[in-house]
Each structure stands twice: as structure tokens, then as C-alpha cells.
>>> print(open('data-v2.cif').read())   # mmCIF, C-alpha atoms
data_coords
loop_
_atom_site.label_atom_id
_atom_site.label_comp_id
_atom_site.auth_asym_id
_atom_site.auth_seq_id
_atom_site.Cartn_x
_atom_site.Cartn_y
_atom_site.Cartn_z
CA GLU A 1 67.58 15.34 80.64
CA MET A 2 67.11 18.69 78.98
CA ALA A 3 67.20 21.70 81.22
CA GLU A 4 63.90 23.53 81.27
CA LEU A 5 63.91 26.72 79.25
CA ARG A 6 63.14 29.95 81.08
CA PHE A 7 61.93 33.17 79.48
CA THR A 8 62.02 36.94 79.90
CA GLU A 9 59.50 39.67 79.13
CA SER A 10 61.98 40.97 76.53
CA HIS A 11 61.69 37.62 74.69
CA GLU A 12 64.95 35.93 75.50
CA TRP A 13 65.08 32.23 76.34
CA ILE A 14 67.58 30.88 78.84
CA LYS A 15 68.79 27.34 79.34
CA ALA A 16 70.91 26.90 82.46
CA GLU A 17 73.13 23.86 83.00
CA ASN A 18 76.05 23.41 85.37
CA GLY A 19 76.29 27.11 86.16
CA ILE A 20 76.32 28.15 82.49
CA ALA A 21 73.33 29.92 80.94
CA THR A 22 72.78 29.70 77.19
CA ILE A 23 70.72 32.60 75.84
CA GLY A 24 68.83 33.20 72.61
CA ILE A 25 65.65 34.83 71.36
CA THR A 26 62.20 33.29 71.33
CA ARG A 27 60.05 32.31 68.38
CA TYR A 28 57.86 35.32 69.12
CA ALA A 29 60.85 37.68 68.92
CA ALA A 30 62.13 36.08 65.72
CA ASP A 31 58.69 36.35 64.12
CA GLN A 32 58.34 40.00 65.16
CA LEU A 33 61.76 40.87 63.74
CA GLY A 34 61.35 39.08 60.44
CA ASP A 35 64.40 38.18 58.36
CA ILE A 36 67.59 38.68 60.35
CA VAL A 37 70.38 40.46 58.47
CA HIS A 38 73.05 41.00 61.15
CA VAL A 39 73.99 40.06 64.70
CA GLU A 40 76.47 41.64 67.08
CA LEU A 41 77.67 39.17 69.68
CA PRO A 42 79.50 39.90 72.93
CA GLN A 43 83.20 39.25 73.34
CA THR A 44 84.25 36.23 75.38
CA GLY A 45 85.28 37.34 78.86
CA LYS A 46 82.93 40.33 78.91
CA ARG A 47 81.25 40.81 82.28
CA LEU A 48 77.53 41.45 82.13
CA ASP A 49 75.12 42.79 84.72
CA ALA A 50 71.65 41.31 85.07
CA GLY A 51 69.41 43.23 82.68
CA GLY A 52 72.38 44.51 80.72
CA GLU A 53 72.54 44.68 76.94
CA ALA A 54 74.57 41.76 75.65
CA ALA A 55 74.00 41.54 71.90
CA VAL A 56 72.15 43.19 69.03
CA VAL A 57 70.10 41.55 66.32
CA GLU A 58 69.11 43.47 63.19
CA SER A 59 66.40 42.58 60.75
CA VAL A 60 65.07 44.21 57.61
CA LYS A 61 62.50 45.87 59.88
CA ALA A 62 64.32 46.84 63.07
CA ALA A 63 67.32 46.48 65.34
CA SER A 64 66.74 44.95 68.72
CA GLU A 65 68.92 44.62 71.81
CA ILE A 66 69.29 41.25 73.46
CA TYR A 67 69.58 41.46 77.22
CA THR A 68 70.97 39.03 79.71
CA PRO A 69 68.68 38.49 82.71
CA LEU A 70 71.62 36.92 84.55
CA ALA A 71 74.83 38.52 85.74
CA GLY A 72 78.07 36.80 84.83
CA GLU A 73 80.90 36.43 82.36
CA VAL A 74 80.51 35.57 78.69
CA THR A 75 82.14 32.18 78.13
CA GLU A 76 81.24 31.77 74.48
CA ALA A 77 79.50 33.50 71.60
CA ASN A 78 77.91 31.56 68.76
CA ARG A 79 80.09 32.79 65.88
CA GLY A 80 78.47 30.21 63.61
CA LEU A 81 75.32 32.34 63.61
CA GLU A 82 77.07 35.12 61.73
CA SER A 83 77.36 32.98 58.60
CA ASP A 84 73.96 31.33 59.01
CA LEU A 85 71.54 34.01 60.18
CA SER A 86 68.49 32.22 58.76
CA ARG A 87 68.77 29.70 61.61
CA ILE A 88 67.54 32.38 64.00
CA ASN A 89 64.25 32.57 62.11
CA SER A 90 63.91 28.87 61.34
CA ASP A 91 64.89 27.43 64.73
CA PRO A 92 65.22 30.21 67.32
CA GLU A 93 65.33 27.90 70.34
CA GLN A 94 68.41 26.16 68.93
CA ALA A 95 70.13 29.24 67.48
CA TRP A 96 71.72 30.46 70.70
CA PHE A 97 73.61 33.76 70.84
CA PHE A 98 75.93 33.54 73.83
CA ARG A 99 76.69 31.72 77.07
CA VAL A 100 77.27 33.23 80.48
CA ARG A 101 78.89 31.72 83.56
CA MET A 102 76.32 32.82 86.13
CA SER A 103 77.58 34.70 89.16
CA GLU A 104 74.20 34.39 90.88
CA ALA A 105 72.19 31.34 89.87
CA SER A 106 69.30 32.42 92.11
CA GLN A 107 68.50 35.04 89.45
CA LEU A 108 67.02 32.17 87.43
CA ASN A 109 64.12 32.08 89.87
CA ARG A 110 62.89 35.44 88.58
CA LEU A 111 62.43 34.10 85.06
CA MET A 112 59.23 32.76 83.56
CA THR A 113 58.49 29.13 82.84
CA ARG A 114 57.23 28.29 79.36
CA GLN A 115 53.65 28.23 80.66
CA GLN A 116 54.07 31.66 82.25
CA TYR A 117 55.66 33.00 79.07
CA ASP A 118 52.87 31.61 76.89
CA ASP A 119 50.34 33.31 79.19
CA TYR A 120 52.36 36.54 78.98
CA LEU A 121 52.30 36.42 75.15
CA LYS A 122 48.51 36.07 75.17
CA GLY A 123 48.30 39.46 76.87
CA LEU A 124 50.46 41.29 74.32
#
>>> encode(input="data-v2.cif", output="C-alpha cells")
Amino acid sequence: EMAELRFTESHEWIKAENGIATIGITRYAADQLGDIVHVELPQTGKRLDAGGEAAVVESVKAASEIYTPLAGEVTEANRGLESDLSRINSDPEQAWFFRVRMSEASQLNRLMTRQQYDDYLKGL
């Protein structure tokens, strides 16, 4: 069974399974950015605080920080993205950026469900 995606107000999606959170950007964020030209991914082993900047994505229009809503340690970065940036625009919910071993899984409870996120987008 697929873990339910959770969302942040800064347009990250989070999929948590077995203590590991996979994080990427939402369709809304990808559409706002337009064509992605560069990503900066975190180093494996880097410790991140909840709300901390974890990665950067640059498009022809703007650069945008990607934040982790969950504290923990980076276990993996998706290096495959660097050679296939178009995947972020074409399939943002599959084109993950990094994974974090969560130090406090209860932080997930602060994140929005898809329904809550969809309602949030309607107000933007």
C-alpha cells in the first residue's frame, strides 16, 4: 500500500515509510517555476532541522529553496535528477529530491493531507 502523501505550505510533498521521508516539490510548485535548469541537492549524512533549507531548484524564472518539514539526517539524494531535470516538470510527485531518516516522526502530524493542500491552493 502506498503511503499517503503529505504537503507543506511551501509546496513540498512528503512520503513517509519506515521512518524515512521522501521529499519533492508539488505540481503547483513545478508549474510556478516553469522549466527547471538546475538543482542543488543535500549531501548524504547532512543533519537537517525541521523547516530548514535542504535543496535549491532553479528555473528560467526563479530560484527556489526546498525546505524539509521534518528534522533528521539525509540518507539519499536523487542524483539521477541532475541529468534529467525535465522529470521535475513532467512528473513532480515521482521526481523526489532527497530522503531523510526522521528523528521525530510526530512532525508528520503537522503536515497537510492532499485534501487540505488542495483547499490551501484554492486560497492562493
>>> closest_residue(input="data-v2.cif", among="A:His38, A:Arg101, A:Lys46, A:His11", to="Leu81 (chain A)", atoms="all atoms listed in the file")
A:His38
>>> residues_around(input="data-v2.cif", residues="region 67-70 of chain A", least_positions_apart="3", cutoff="10 Å", atoms="only C-alpha atoms", output="PyMOL selection string")
chain A and resi 7-14+21-25+48-56+64+73+98-108+110-111
>>> resolve_selection(input="data-v2.cif", expression="the PyMOL selection byres ((chain A and resi 60) around 9)", output="list in words")
Leu33, Gly34, Asp35, Ile36, Val37, Glu58, Ser59, Lys61, Ala62 and Ala63 of chain A
>>> residues_around(input="data-v2.cif", residues="Arg79 (chain A)", least_positions_apart="3", cutoff="10 Å", atoms="only C-alpha atoms", output="MDAnalysis selection string")
chainID A and resid 39:41 76 82:84 96:98
>>> atom_distance(input="data-v2.cif", atom1="CA of Ala29 (chain A)", atom2="CA of Gly123 (chain A)")
15.0 Å
>>> closest_residue(input="data-v2.cif", among="A:Gln43, A:Thr26, A:Lys15, A:Glu65", to="Asp118 (chain A)", atoms="only C-alpha atoms")
A:Thr26
>>> atom_distance(input="data-v2.cif", atom1="CA of Asp91 (chain A)", atom2="CA of Asp31 (chain A)")
10.9 Å
>>> atom_distance(input="data-v2.cif", atom1="CA of Pro42 (chain A)", atom2="CA of Ile66 (chain A)")
10.3 Å
>>> closest_residue(input="data-v2.cif", among="A:Arg114, A:Arg47, A:Arg27, A:Arg6", to="Ala95 (chain A)", atoms="all atoms listed in the file")
A:Arg27
>>> residues_around(input="data-v2.cif", residues="Thr44 (chain A)", least_positions_apart="4", cutoff="7 Å", atoms="all atoms listed in the file", output="list in words")
Val74, Thr75, Glu76 and Ala77 of chain A
